[in-house]
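Asker: Let me give you the structure first, and then I'll get to my questions.
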Amino acid sequence: MNLLKKSALLAIVFFAALLLALPSMAGDIEGTVGAPKPDNAVVYVEKVAGTFPGGKAKMDQDHKMFVPSVLPIVLGTSVEFHNSDSVQHNVFAVGAEQFNLGTYGTGAGAQRTFSKLGEVDILCNVHPEMAGYVLVLQNPFFAQPEPGGKFRIANVPAGDYVVMAWYGGKTKKQNVKVPVTGSVSISF
Ligand SMILES: [Cu+2]
């Protein structure tokens, strides 16, 4: 390797290290949700600048329950519904989106891509007692609290936001200023 190539390489390494060392200008939103079953809540930032790609998620039907019963996803996410029981299940939805994925047996399922923001109630017309929720969100800055109620949404770009706490079909909101570093604390 000649001297020119060596210095070019050194320069690249130097600038890469500089980029990594730059502050991320992002903070955490942490706090607690006070509710009988806080792990069934979802705390999320209502809107963050930019667009965020959807991914893949899964909701099982197991022991005549939707598992997980609360599924927060980013807009555009494809959710696989799957029947792990020995009886037939159906999936139909009301709310931000209405659809019916039909009825299917053990080991089978259906897929649905969610393209509207909001709450979608997931139901089964074979078992009226079954109920689940898909919460379609604009961005991935959300958290599901621990059973004790604590939550943390990490690395939110610094700025002013509306933070929502969803629980059992109802939402509460708070205005939050996320610092450039460290965290801001809120409770619902
Ligand atoms: Cu069912």
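Letters A, B, ... mark the chains of the structure tokens in the order given; residue numbers begin at 1 per chain; ligand numbers begin at 1, in order shown.
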Would you give me, as JSON lines, each residue of chain A having an atom within 10 Å of an atom of ligand 1, along with its shortest atom pair and that distance in Å to one decimal, using only C-alpha atoms and all ligand atoms and sorting by chain and residue number?
Answerer:
```
{"residue": "A:Gln61", "atom": "CA", "partner": "ligand 1", "partner_atom_place_in_ligand_line": "1 (Cu)", "distance": 7.2}
{"residue": "A:Asp62", "atom": "CA", "partner": "ligand 1", "partner_atom_place_in_ligand_line": "1 (Cu)", "distance": 8.9}
{"residue": "A:His63", "atom": "CA", "partner": "ligand 1", "partner_atom_place_in_ligand_line": "1 (Cu)", "distance": 9.0}
{"residue": "A:Lys64", "atom": "CA", "partner": "ligand 1", "partner_atom_place_in_ligand_line": "1 (Cu)", "distance": 5.7}
{"residue": "A:Met65", "atom": "CA", "partner": "ligand 1", "partner_atom_place_in_ligand_line": "1 (Cu)", "distance": 7.5}
{"residue": "A:Phe66", "atom": "CA", "partner": "ligand 1", "partner_atom_place_in_ligand_line": "1 (Cu)", "distance": 8.6}
{"residue": "A:Asn83", "atom": "CA", "partner": "ligand 1", "partner_atom_place_in_ligand_line": "1 (Cu)", "distance": 8.5}
{"residue": "A:Asp85", "atom": "CA", "partner": "ligand 1", "partner_atom_place_in_ligand_line": "1 (Cu)", "distance": 8.8}
{"residue": "A:Val87", "atom": "CA", "partner": "ligand 1", "partner_atom_place_in_ligand_line": "1 (Cu)", "distance": 7.6}
{"residue": "A:Gln88", "atom": "CA", "partner": "ligand 1", "partner_atom_place_in_ligand_line": "1 (Cu)", "distance": 6.4}
{"residue": "A:His89", "atom": "CA", "partner": "ligand 1", "partner_atom_place_in_ligand_line": "1 (Cu)", "distance": 3.8}
{"residue": "A:Asn90", "atom": "CA", "partner": "ligand 1", "partner_atom_place_in_ligand_line": "1 (Cu)", "distance": 5.6}
{"residue": "A:Val91", "atom": "CA", "partner": "ligand 1", "partner_atom_place_in_ligand_line": "1 (Cu)", "distance": 7.6}
{"residue": "A:Thr103", "atom": "CA", "partner": "ligand 1", "partner_atom_place_in_ligand_line": "1 (Cu)", "distance": 8.7}
{"residue": "A:Tyr104", "atom": "CA", "partner": "ligand 1", "partner_atom_place_in_ligand_line": "1 (Cu)", "distance": 9.4}
{"residue": "A:Gly105", "atom": "CA", "partner": "ligand 1", "partner_atom_place_in_ligand_line": "1 (Cu)", "distance": 9.8}
{"residue": "A:Leu123", "atom": "CA", "partner": "ligand 1", "partner_atom_place_in_ligand_line": "1 (Cu)", "distance": 7.9}
{"residue": "A:Cys124", "atom": "CA", "partner": "ligand 1", "partner_atom_place_in_ligand_line": "1 (Cu)", "distance": 4.7}
{"residue": "A:Asn125", "atom": "CA", "partner": "ligand 1", "partner_atom_place_in_ligand_line": "1 (Cu)", "distance": 6.6}
{"residue": "A:Val126", "atom": "CA", "partner": "ligand 1", "partner_atom_place_in_ligand_line": "1 (Cu)", "distance": 4.9}
{"residue": "A:His127", "atom": "CA", "partner": "ligand 1", "partner_atom_place_in_ligand_line": "1 (Cu)", "distance": 4.4}
{"residue": "A:Pro128", "atom": "CA", "partner": "ligand 1", "partner_atom_place_in_ligand_line": "1 (Cu)", "distance": 7.6}
{"residue": "A:Glu129", "atom": "CA", "partner": "ligand 1", "partner_atom_place_in_ligand_line": "1 (Cu)", "distance": 8.4}
{"residue": "A:Met130", "atom": "CA", "partner": "ligand 1", "partner_atom_place_in_ligand_line": "1 (Cu)", "distance": 6.4}
{"residue": "A:Ala131", "atom": "CA", "partner": "ligand 1", "partner_atom_place_in_ligand_line": "1 (Cu)", "distance": 9.3}
```
Asker: So that I have them on file, write out the residues from the current selection with C-alpha atoms, as a PDB file, in the first residue's frame.
Answerer:
```
ATOM      1  CA  GLN A  61     -55.085 -17.780  18.369  1.00  0.00           C
ATOM      2  CA  ASP A  62     -54.251 -20.034  21.302  1.00  0.00           C
ATOM      3  CA  HIS A  63     -56.543 -21.465  24.005  1.00  0.00           C
ATOM      4  CA  LYS A  64     -59.335 -19.371  22.483  1.00  0.00           C
ATOM      5  CA  MET A  65     -57.429 -16.153  23.052  1.00  0.00           C
ATOM      6  CA  PHE A  66     -55.636 -13.731  20.760  1.00  0.00           C
ATOM      7  CA  ASN A  83     -54.659 -20.828  14.586  1.00  0.00           C
ATOM      8  CA  ASP A  85     -55.965 -24.515  18.562  1.00  0.00           C
ATOM      9  CA  VAL A  87     -60.923 -25.883  16.880  1.00  0.00           C
ATOM     10  CA  GLN A  88     -61.764 -23.573  13.995  1.00  0.00           C
ATOM     11  CA  HIS A  89     -61.259 -19.835  14.367  1.00  0.00           C
ATOM     12  CA  ASN A  90     -62.226 -16.784  12.372  1.00  0.00           C
ATOM     13  CA  VAL A  91     -60.746 -13.300  12.247  1.00  0.00           C
ATOM     14  CA  THR A 103     -62.651 -19.217   9.076  1.00  0.00           C
ATOM     15  CA  TYR A 104     -59.786 -21.684   9.217  1.00  0.00           C
ATOM     16  CA  GLY A 105     -58.625 -24.763  11.137  1.00  0.00           C
ATOM     17  CA  LEU A 123     -62.726 -10.582  16.834  1.00  0.00           C
ATOM     18  CA  CYS A 124     -63.646 -14.195  16.092  1.00  0.00           C
ATOM     19  CA  ASN A 125     -67.195 -14.995  14.983  1.00  0.00           C
ATOM     20  CA  VAL A 126     -66.869 -18.589  16.279  1.00  0.00           C
ATOM     21  CA  HIS A 127     -65.997 -17.455  19.821  1.00  0.00           C
ATOM     22  CA  PRO A 128     -67.706 -14.198  20.849  1.00  0.00           C
ATOM     23  CA  GLU A 129     -65.554 -14.053  24.007  1.00  0.00           C
ATOM     24  CA  MET A 130     -62.342 -13.642  21.971  1.00  0.00           C
ATOM     25  CA  ALA A 131     -61.067 -10.075  21.592  1.00  0.00           C
TER      26      ALA A 131
END
```
Asker: Taking the DSSP assignment computed from this structure's backbone, write out as a count of residues only all residues of range 66-171 of chain A that belong to strand (DSSP E or B).
Answerer: 65
Asker: For Ala158 in chain A, which residue out of A:Ala143, A:Leu71, A:Val180, A:Val43 is the nearest one, using only C-alpha atoms?
Answerer: A:Val180
Asker: Would you mind listing what lies within 8 Å of Ile73 in chain A as a PyMOL selection string, with only C-alpha atoms counted and same-chain residues fewer than 5 positions away left out?
Answerer: chain A and resi 54+57+134-137+140
Asker: Could you turn the residues from that selection into a file that holds C-alpha atoms, as a compact mmCIF listing (two decimals), in the first residue's frame?
Answerer:
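Saved result, result19.txt, follows:
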```
# COMPACT_ATOMS: atom_id res chain seq x y z
CA GLY A 54 -43.85 -1.34 8.36
CA ALA A 57 -45.89 -9.20 13.17
CA VAL A 134 -54.15 -4.08 16.73
CA LEU A 135 -52.95 -0.52 17.26
CA VAL A 136 -51.66 0.94 13.99
CA LEU A 137 -49.12 3.69 14.72
CA PRO A 140 -41.88 2.89 15.97
```
Asker: Which residues come within 7 Å of Ala154 in chain A, counting only C-alpha atoms, excluding same-chain residues fewer than 2 positions away, as a ChimeraX atom specification?
Answerer: /A:27-29,152,156
Asker: Nearest to Ala41 in chain A: which of A:Lys170, A:Gly182, A:Asn100, A:Val176 is it, counting only C-alpha atoms?
Answerer: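 For Ala41 in chain A, the nearest of the candidates is A:Lys170.
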Asker: Given only C-alpha atoms as the basis, pick out the residue of A:Ser86, A:Asp60, A:Phe141, A:Ser7 nearest to Thr106 in chain A.
Answerer: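 With only C-alpha atoms as the atom set, the closest residue is A:Ser86.
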Asker: Given the choices A:Leu117, A:Ala8, A:Val70, A:Met25, which gets closest to Val178 in chain A if the distance is worked out from only C-alpha atoms?
Answerer: A:Met25
Asker: Restricting the calculation to only C-alpha atoms, which member of A:Gly55, A:Phe81, A:Val163, A:Ala93 is positioned closest to Gly107 in chain A?
Answerer: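 Of the candidates, the smallest distance to Gly107 in chain A is held by A:Phe81.
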Asker: When distances are computed from only C-alpha atoms, which of A:Met59, A:Val33, A:Val120, A:Val79 shows the smallest separation from Ser185 in chain A?
Answerer: A:Val33
Asker: Would you return as a ChimeraX atom specification the members of chain A that DSSP assigns to alpha helix (DSSP H) on this structure's backbone?
Answerer: /A:3-21
Asker: Can you pull out every residue within 6 Å of range 111-116 of chain A, counting only C-alpha atoms, but drop anything in the same chain fewer than 4 positions away, and send it as a ChimeraX atom specification?
Answerer: /A:75-80
Asker: Could you dump the residues just selected with C-alpha atoms as a PDB file, in the first residue's frame?
Answerer:
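Generated output (part_28.pdb):
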```pdb
ATOM      1  CA  LEU A  75     -48.438   1.527   9.567  1.00  0.00           C
ATOM      2  CA  GLY A  76     -47.871  -0.842   6.648  1.00  0.00           C
ATOM      3  CA  THR A  77     -47.009  -3.832   8.825  1.00  0.00           C
ATOM      4  CA  SER A  78     -48.208  -7.231   7.673  1.00  0.00           C
ATOM      5  CA  VAL A  79     -49.751  -9.281  10.476  1.00  0.00           C
ATOM      6  CA  GLU A  80     -49.961 -13.043  10.285  1.00  0.00           C
TER       7      GLU A  80
END
```
Asker: Calculate how many Å separate CA of Ala110 in chain A from CA of Pro68 in chain A, rounding to one decimal.
Answerer: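 Distance reported for this atom pair: 16.1 Å.
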Asker: Please provide as a PyMOL selection string all residues within 10 Å of Lys172 in chain A, with the sequence filter that same-chain residues fewer than 3 positions apart are discarded (counting only C-alpha atoms).
Answerer: chain A and resi 43+163-167+188
